[in-house]
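For reference, the structure is listed below as structure tokens.
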Amino acid sequence: MNEHDHRQWEDDIAAYALGALDESETARIELHLADCQSCRADLRWLAPAVDVLPASVEQLAPPPELRRRIVDAVAGEDGPMARPARDRAPSLGASRAGRRSRRSSSRRIASLRPALAGAAAVVALAAGLAAGYALRGEDDAPTAATTTLPANVLAPGGTATASLLHHGDSWTLNVRDMPAPPGGAVYQVWLRHDRRMVPSVLFVPSRDRRATVALPARVAEADEVLVTREPRGGSRAPTSDPMLAAETS
Amino acid sequence: MTRATAERLADEELMIFVQEGNSGALEVLYDRHGGPAYSLAHRIVGDAQAAEDVTQEAFLSVWRTSAGYDAARGSVRSWLLQIVRNRAIDSLRRSASRGGRLDLDDEGLVEAQEAPEQTDAEASRRERARQVRGALRDLPRDQVQVIGLAYFGGFTHSEIAELLGMPLGTVKGRMRLGLQKVRANLGEQIA
């Protein structure tokens, strides 16, 4: 591709980011983007300029009844389902078509057992350190129905303590003495189902090196809860060895 | 999960609960982003009732298709507002009232009014909005015009070229120059 051709693509990328290409042009540029790292980088750079455009409009307060309408409509639905293709474009500009092939769910599958076995386990059972945080709020003391499960700290030399609290359908991971991850990274929770790792919530400890992390109810179906360090935004499969591990029963 | 707990969670964490079918998590997302969503919809469709319908459709879409949200590809807010924008443009096209809200001298990009601040989060959003408007205010009018017609009007670059009576390459070039300047003005804080 010569320089002139590439400049033409550059202009198309701006129009694409604004959602201003027709369907055939969109399909054409998406083919190109799949093969052109430079143009993908260009799109990623431009996309925030489109993402901020909604902030430029007059900010209006929606009528209060709109909230009730939405709540009522949601209550009348069965719940989340497989999404339609039209909403597959999250944030790389305004184009209405999907832009990148999504990783198949099988890519999420990862076995961490070897890593787990290899990690130097500095076990810090935290059953006695559970601070009583439950999903009902920090001011609530744990009740008799609250179960505290110890977490193993797997990072070599790790000083953190952690525990998994279970109260009804609510699960919380409590972490103490855990340093903030360096370089803008985050900690990510994973739910292990046999050999399958399912990504879950992200967290960063507060300045006092503590974190109280609300977990989804599906923790109950998992065999183990694990925590790894991941790049900002999280990952779809673990990219580092687990630092914490807690069995769910 | 209590309301107080949900309010402490980041949007990306709330999405996990939405995916689980937790309607309370969706309500918190609405309370955070319902205003900007409604404002964007109103800006595009130019009508209060249609804006309400678009906002409702968008949040129901979030509810139904939450599994499709991918944190690696952007924030929940960007994803939601993109859905709002798409639905609003669809509504505009359906109603055949396109153009009623937009005119070729559309400078609404830099005329935003500010609603009263109620919370720290809103104050933060207002500050960001001020930064965005500052970035847009620096753009030449012809660049604002093509960006506004594309993003808020749902016009393709070919349609804009026809509307404005200018070559296609000029339209695309102005779009690019405008976005580049906005992006540069926003700096790394948005990256």
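All residue names refer to the structure tokens as shown: chains lettered A, B, ... in order, residues numbered from 1 in each chain, ligands numbered from 1 in order.
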Please list as a PyMOL selection string every residue within 6 Å of stretch 40-51 of chain B, counting only C-alpha atoms and excluding residues in the same chain fewer than 4 positions away.
(chain A and resi 54) or (chain B and resi 88+92+101+152)
What residues in chain B lie within 7 Å of chain A, counting only C-alpha atoms, written as a PDB file with N, CA and C atoms, in the first residue's frame?
```pdb
ATOM      1  N   MET B   1     -27.789  -8.118  47.327  1.00  0.00           N
ATOM      2  CA  MET B   1     -26.953  -6.917  47.356  1.00  0.00           C
ATOM      3  C   MET B   1     -27.827  -5.712  47.694  1.00  0.00           C
ATOM      4  N   THR B   2     -27.384  -4.954  48.668  1.00  0.00           N
ATOM      5  CA  THR B   2     -28.165  -3.773  49.038  1.00  0.00           C
ATOM      6  C   THR B   2     -27.853  -2.622  48.092  1.00  0.00           C
ATOM      7  N   ALA B   4     -26.903   0.272  49.024  1.00  0.00           N
ATOM      8  CA  ALA B   4     -25.669   0.923  49.490  1.00  0.00           C
ATOM      9  C   ALA B   4     -24.443   0.202  48.948  1.00  0.00           C
ATOM     10  N   THR B   5     -24.499  -1.117  48.917  1.00  0.00           N
ATOM     11  CA  THR B   5     -23.368  -1.881  48.383  1.00  0.00           C
ATOM     12  C   THR B   5     -23.211  -1.618  46.892  1.00  0.00           C
ATOM     13  N   GLU B  13     -18.064  -3.392  37.643  1.00  0.00           N
ATOM     14  CA  GLU B  13     -18.468  -4.408  38.620  1.00  0.00           C
ATOM     15  C   GLU B  13     -19.984  -4.577  38.616  1.00  0.00           C
ATOM     16  N   ILE B  16     -21.350  -7.017  36.093  1.00  0.00           N
ATOM     17  CA  ILE B  16     -21.327  -8.433  36.451  1.00  0.00           C
ATOM     18  C   ILE B  16     -22.669  -8.829  37.071  1.00  0.00           C
ATOM     19  N   PHE B  17     -23.178  -7.943  37.921  1.00  0.00           N
ATOM     20  CA  PHE B  17     -24.444  -8.232  38.586  1.00  0.00           C
ATOM     21  C   PHE B  17     -25.620  -8.100  37.614  1.00  0.00           C
ATOM     22  N   GLN B  19     -25.426  -8.844  34.544  1.00  0.00           N
ATOM     23  CA  GLN B  19     -25.365 -10.104  33.791  1.00  0.00           C
ATOM     24  C   GLN B  19     -25.997 -11.255  34.572  1.00  0.00           C
ATOM     25  N   GLY B  21     -28.595 -10.888  36.266  1.00  0.00           N
ATOM     26  CA  GLY B  21     -30.023 -10.631  36.339  1.00  0.00           C
ATOM     27  C   GLY B  21     -30.422  -9.803  37.547  1.00  0.00           C
ATOM     28  N   GLY B  35     -29.217  10.416  33.161  1.00  0.00           N
ATOM     29  CA  GLY B  35     -29.254  11.814  32.739  1.00  0.00           C
ATOM     30  C   GLY B  35     -28.495  12.050  31.446  1.00  0.00           C
ATOM     31  N   PRO B  36     -27.214  11.650  31.388  1.00  0.00           N
ATOM     32  CA  PRO B  36     -26.483  11.812  30.137  1.00  0.00           C
ATOM     33  C   PRO B  36     -27.122  11.041  28.972  1.00  0.00           C
ATOM     34  N   TYR B  38     -30.364  10.318  28.568  1.00  0.00           N
ATOM     35  CA  TYR B  38     -31.567  11.045  28.150  1.00  0.00           C
ATOM     36  C   TYR B  38     -31.170  12.325  27.405  1.00  0.00           C
ATOM     37  N   SER B  39     -30.146  12.997  27.909  1.00  0.00           N
ATOM     38  CA  SER B  39     -29.715  14.248  27.271  1.00  0.00           C
ATOM     39  C   SER B  39     -29.227  14.004  25.850  1.00  0.00           C
ATOM     40  N   LEU B  40     -28.462  12.916  25.680  1.00  0.00           N
ATOM     41  CA  LEU B  40     -27.977  12.591  24.330  1.00  0.00           C
ATOM     42  C   LEU B  40     -29.150  12.250  23.408  1.00  0.00           C
ATOM     43  N   ARG B  43     -30.993  15.344  22.485  1.00  0.00           N
ATOM     44  CA  ARG B  43     -30.221  16.146  21.530  1.00  0.00           C
ATOM     45  C   ARG B  43     -30.399  15.619  20.114  1.00  0.00           C
ATOM     46  N   GLU B  52     -37.439   9.906  25.798  1.00  0.00           N
ATOM     47  CA  GLU B  52     -37.750   8.941  26.861  1.00  0.00           C
ATOM     48  C   GLU B  52     -37.810   7.527  26.298  1.00  0.00           C
ATOM     49  N   GLN B  56     -35.366   4.476  27.344  1.00  0.00           N
ATOM     50  CA  GLN B  56     -35.899   3.212  27.872  1.00  0.00           C
ATOM     51  C   GLN B  56     -35.422   2.033  27.022  1.00  0.00           C
ATOM     52  N   LEU B  60     -33.108  -1.088  28.365  1.00  0.00           N
ATOM     53  CA  LEU B  60     -33.596  -2.462  28.216  1.00  0.00           C
ATOM     54  C   LEU B  60     -32.613  -3.281  27.382  1.00  0.00           C
ATOM     55  N   TRP B  63     -29.908  -4.308  29.601  1.00  0.00           N
ATOM     56  CA  TRP B  63     -30.397  -5.398  30.449  1.00  0.00           C
ATOM     57  C   TRP B  63     -30.379  -6.727  29.686  1.00  0.00           C
ATOM     58  N   ARG B  64     -30.870  -6.682  28.453  1.00  0.00           N
ATOM     59  CA  ARG B  64     -31.002  -7.927  27.695  1.00  0.00           C
ATOM     60  C   ARG B  64     -29.664  -8.418  27.157  1.00  0.00           C
ATOM     61  N   THR B  65     -28.779  -7.499  26.857  1.00  0.00           N
ATOM     62  CA  THR B  65     -27.556  -7.881  26.145  1.00  0.00           C
ATOM     63  C   THR B  65     -26.309  -7.630  26.972  1.00  0.00           C
ATOM     64  N   SER B  66     -26.467  -7.630  28.275  1.00  0.00           N
ATOM     65  CA  SER B  66     -25.334  -7.294  29.140  1.00  0.00           C
ATOM     66  C   SER B  66     -24.148  -8.227  28.945  1.00  0.00           C
ATOM     67  N   ALA B  67     -24.434  -9.465  28.551  1.00  0.00           N
ATOM     68  CA  ALA B  67     -23.332 -10.412  28.361  1.00  0.00           C
ATOM     69  C   ALA B  67     -22.401  -9.951  27.251  1.00  0.00           C
ATOM     70  N   GLY B  68     -22.898  -9.082  26.396  1.00  0.00           N
ATOM     71  CA  GLY B  68     -22.071  -8.614  25.298  1.00  0.00           C
ATOM     72  C   GLY B  68     -21.119  -7.496  25.676  1.00  0.00           C
ATOM     73  N   ALA B  71     -15.370  -5.326  28.928  1.00  0.00           N
ATOM     74  CA  ALA B  71     -14.649  -4.245  29.605  1.00  0.00           C
ATOM     75  C   ALA B  71     -13.339  -3.911  28.909  1.00  0.00           C
ATOM     76  N   ALA B  72     -12.778  -4.892  28.205  1.00  0.00           N
ATOM     77  CA  ALA B  72     -11.499  -4.645  27.544  1.00  0.00           C
ATOM     78  C   ALA B  72     -11.655  -3.656  26.392  1.00  0.00           C
ATOM     79  N   ARG B  73     -12.890  -3.436  25.948  1.00  0.00           N
ATOM     80  CA  ARG B  73     -13.090  -2.592  24.779  1.00  0.00           C
ATOM     81  C   ARG B  73     -13.608  -1.208  25.115  1.00  0.00           C
ATOM     82  N   GLY B  74     -13.808  -0.931  26.370  1.00  0.00           N
ATOM     83  CA  GLY B  74     -14.247   0.417  26.713  1.00  0.00           C
ATOM     84  C   GLY B  74     -15.102   0.421  27.960  1.00  0.00           C
ATOM     85  N   SER B  78     -19.408   4.496  27.908  1.00  0.00           N
ATOM     86  CA  SER B  78     -19.258   4.650  26.458  1.00  0.00           C
ATOM     87  C   SER B  78     -20.144   3.658  25.719  1.00  0.00           C
ATOM     88  N   TRP B  79     -20.181   2.435  26.217  1.00  0.00           N
ATOM     89  CA  TRP B  79     -21.001   1.393  25.588  1.00  0.00           C
ATOM     90  C   TRP B  79     -22.476   1.791  25.630  1.00  0.00           C
ATOM     91  N   GLN B  82     -23.264   4.697  23.384  1.00  0.00           N
ATOM     92  CA  GLN B  82     -23.252   4.279  21.986  1.00  0.00           C
ATOM     93  C   GLN B  82     -24.569   3.622  21.607  1.00  0.00           C
ATOM     94  N   ILE B  83     -25.089   2.817  22.532  1.00  0.00           N
ATOM     95  CA  ILE B  83     -26.397   2.200  22.282  1.00  0.00           C
ATOM     96  C   ILE B  83     -27.470   3.289  22.173  1.00  0.00           C
ATOM     97  N   ASN B  86     -27.190   4.989  18.792  1.00  0.00           N
ATOM     98  CA  ASN B  86     -27.701   4.163  17.701  1.00  0.00           C
ATOM     99  C   ASN B  86     -29.224   4.115  17.694  1.00  0.00           C
ATOM    100  N   GLY B 108     -24.660  23.134  18.044  1.00  0.00           N
ATOM    101  CA  GLY B 108     -25.017  22.635  19.363  1.00  0.00           C
ATOM    102  C   GLY B 108     -23.870  21.964  20.082  1.00  0.00           C
ATOM    103  N   LEU B 109     -22.853  21.594  19.358  1.00  0.00           N
ATOM    104  CA  LEU B 109     -21.697  20.976  19.979  1.00  0.00           C
ATOM    105  C   LEU B 109     -21.081  21.865  21.046  1.00  0.00           C
ATOM    106  N   VAL B 110     -21.210  23.142  20.890  1.00  0.00           N
ATOM    107  CA  VAL B 110     -20.538  24.029  21.839  1.00  0.00           C
ATOM    108  C   VAL B 110     -21.523  24.916  22.595  1.00  0.00           C
ATOM    109  N   ALA B 112     -23.783  23.709  24.906  1.00  0.00           N
ATOM    110  CA  ALA B 112     -24.392  22.960  25.984  1.00  0.00           C
ATOM    111  C   ALA B 112     -24.625  23.823  27.212  1.00  0.00           C
ATOM    112  N   GLN B 113     -25.777  23.609  27.823  1.00  0.00           N
ATOM    113  CA  GLN B 113     -26.104  24.265  29.084  1.00  0.00           C
ATOM    114  C   GLN B 113     -25.759  23.312  30.215  1.00  0.00           C
ATOM    115  N   GLU B 114     -25.609  23.856  31.383  1.00  0.00           N
ATOM    116  CA  GLU B 114     -25.280  23.006  32.517  1.00  0.00           C
ATOM    117  C   GLU B 114     -26.462  22.881  33.456  1.00  0.00           C
ATOM    118  N   ALA B 115     -26.799  21.633  33.782  1.00  0.00           N
ATOM    119  CA  ALA B 115     -27.827  21.400  34.783  1.00  0.00           C
ATOM    120  C   ALA B 115     -27.207  21.617  36.161  1.00  0.00           C
ATOM    121  N   ALA B 129     -17.355  17.755  31.117  1.00  0.00           N
ATOM    122  CA  ALA B 129     -18.116  18.343  30.013  1.00  0.00           C
ATOM    123  C   ALA B 129     -17.545  19.711  29.640  1.00  0.00           C
ATOM    124  N   VAL B 132     -14.598  19.128  27.557  1.00  0.00           N
ATOM    125  CA  VAL B 132     -14.969  18.714  26.197  1.00  0.00           C
ATOM    126  C   VAL B 132     -15.432  19.914  25.389  1.00  0.00           C
ATOM    127  N   ARG B 133     -16.263  20.730  26.013  1.00  0.00           N
ATOM    128  CA  ARG B 133     -16.754  21.899  25.275  1.00  0.00           C
ATOM    129  C   ARG B 133     -15.607  22.840  24.932  1.00  0.00           C
ATOM    130  N   ALA B 150     -22.799  14.216  11.387  1.00  0.00           N
ATOM    131  CA  ALA B 150     -22.571  12.765  11.382  1.00  0.00           C
ATOM    132  C   ALA B 150     -23.011  12.141  12.698  1.00  0.00           C
ATOM    133  N   TYR B 151     -22.531  12.685  13.801  1.00  0.00           N
ATOM    134  CA  TYR B 151     -22.757  12.008  15.084  1.00  0.00           C
ATOM    135  C   TYR B 151     -24.179  12.215  15.596  1.00  0.00           C
ATOM    136  N   PHE B 155     -26.116  11.321   9.618  1.00  0.00           N
ATOM    137  CA  PHE B 155     -25.885  11.396   8.181  1.00  0.00           C
ATOM    138  C   PHE B 155     -24.569  10.720   7.820  1.00  0.00           C
ATOM    139  N   THR B 156     -24.546  10.048   6.673  1.00  0.00           N
ATOM    140  CA  THR B 156     -23.286   9.489   6.191  1.00  0.00           C
ATOM    141  C   THR B 156     -22.462  10.613   5.560  1.00  0.00           C
ATOM    142  N   HIS B 157     -21.192  10.322   5.357  1.00  0.00           N
ATOM    143  CA  HIS B 157     -20.347  11.361   4.753  1.00  0.00           C
ATOM    144  C   HIS B 157     -20.826  11.731   3.359  1.00  0.00           C
ATOM    145  N   LYS B 172     -14.715  14.210   4.564  1.00  0.00           N
ATOM    146  CA  LYS B 172     -13.961  13.239   5.361  1.00  0.00           C
ATOM    147  C   LYS B 172     -12.729  13.883   5.997  1.00  0.00           C
ATOM    148  N   GLY B 173     -12.098  14.752   5.221  1.00  0.00           N
ATOM    149  CA  GLY B 173     -10.918  15.436   5.749  1.00  0.00           C
ATOM    150  C   GLY B 173     -11.262  16.321   6.947  1.00  0.00           C
ATOM    151  N   MET B 175     -13.805  15.874   8.960  1.00  0.00           N
ATOM    152  CA  MET B 175     -14.101  14.981  10.083  1.00  0.00           C
ATOM    153  C   MET B 175     -12.806  14.577  10.776  1.00  0.00           C
ATOM    154  N   ARG B 176     -11.852  14.193   9.976  1.00  0.00           N
ATOM    155  CA  ARG B 176     -10.601  13.717  10.561  1.00  0.00           C
ATOM    156  C   ARG B 176      -9.871  14.836  11.310  1.00  0.00           C
ATOM    157  N   LEU B 179     -11.727  15.587  14.604  1.00  0.00           N
ATOM    158  CA  LEU B 179     -11.537  14.577  15.643  1.00  0.00           C
ATOM    159  C   LEU B 179     -10.102  14.587  16.167  1.00  0.00           C
ATOM    160  N   GLN B 180      -9.177  14.780  15.273  1.00  0.00           N
ATOM    161  CA  GLN B 180      -7.768  14.820  15.707  1.00  0.00           C
ATOM    162  C   GLN B 180      -7.530  15.951  16.701  1.00  0.00           C
ATOM    163  N   VAL B 182      -9.830  17.446  18.624  1.00  0.00           N
ATOM    164  CA  VAL B 182     -10.509  17.147  19.896  1.00  0.00           C
ATOM    165  C   VAL B 182      -9.666  16.171  20.698  1.00  0.00           C
ATOM    166  N   ARG B 183      -9.208  15.144  20.013  1.00  0.00           N
ATOM    167  CA  ARG B 183      -8.425  14.116  20.708  1.00  0.00           C
ATOM    168  C   ARG B 183      -7.144  14.699  21.313  1.00  0.00           C
ATOM    169  N   ILE B 190      -7.886  11.072  28.776  1.00  0.00           N
ATOM    170  CA  ILE B 190      -9.000  10.280  28.262  1.00  0.00           C
ATOM    171  C   ILE B 190      -8.506   8.908  27.800  1.00  0.00           C
ATOM    172  N   ALA B 191      -7.218   8.801  27.543  1.00  0.00           N
ATOM    173  CA  ALA B 191      -6.701   7.577  26.930  1.00  0.00           C
ATOM    174  C   ALA B 191      -6.983   6.379  27.818  1.00  0.00           C
TER     175      ALA B 191
END
```
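The space between atom CA of A:Gly76 and atom CA of B:Ser23 spans 10.8 Å.
The interatomic distance for the pair atom CA of B:Thr170 and atom CA of A:His6 works out to 16.4 Å.
Rounded to one decimal, atom CA of A:Arg229 and atom CA of A:Met243 lie 7.6 Å from each other.
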DSSP alpha helix (DSSP H) residues within stretch 12-187 of chain B, listed as a ChimeraX atom specification:
/B:12-19,23-45,48-64,76-95,120-137,141-151,157-164,168-186
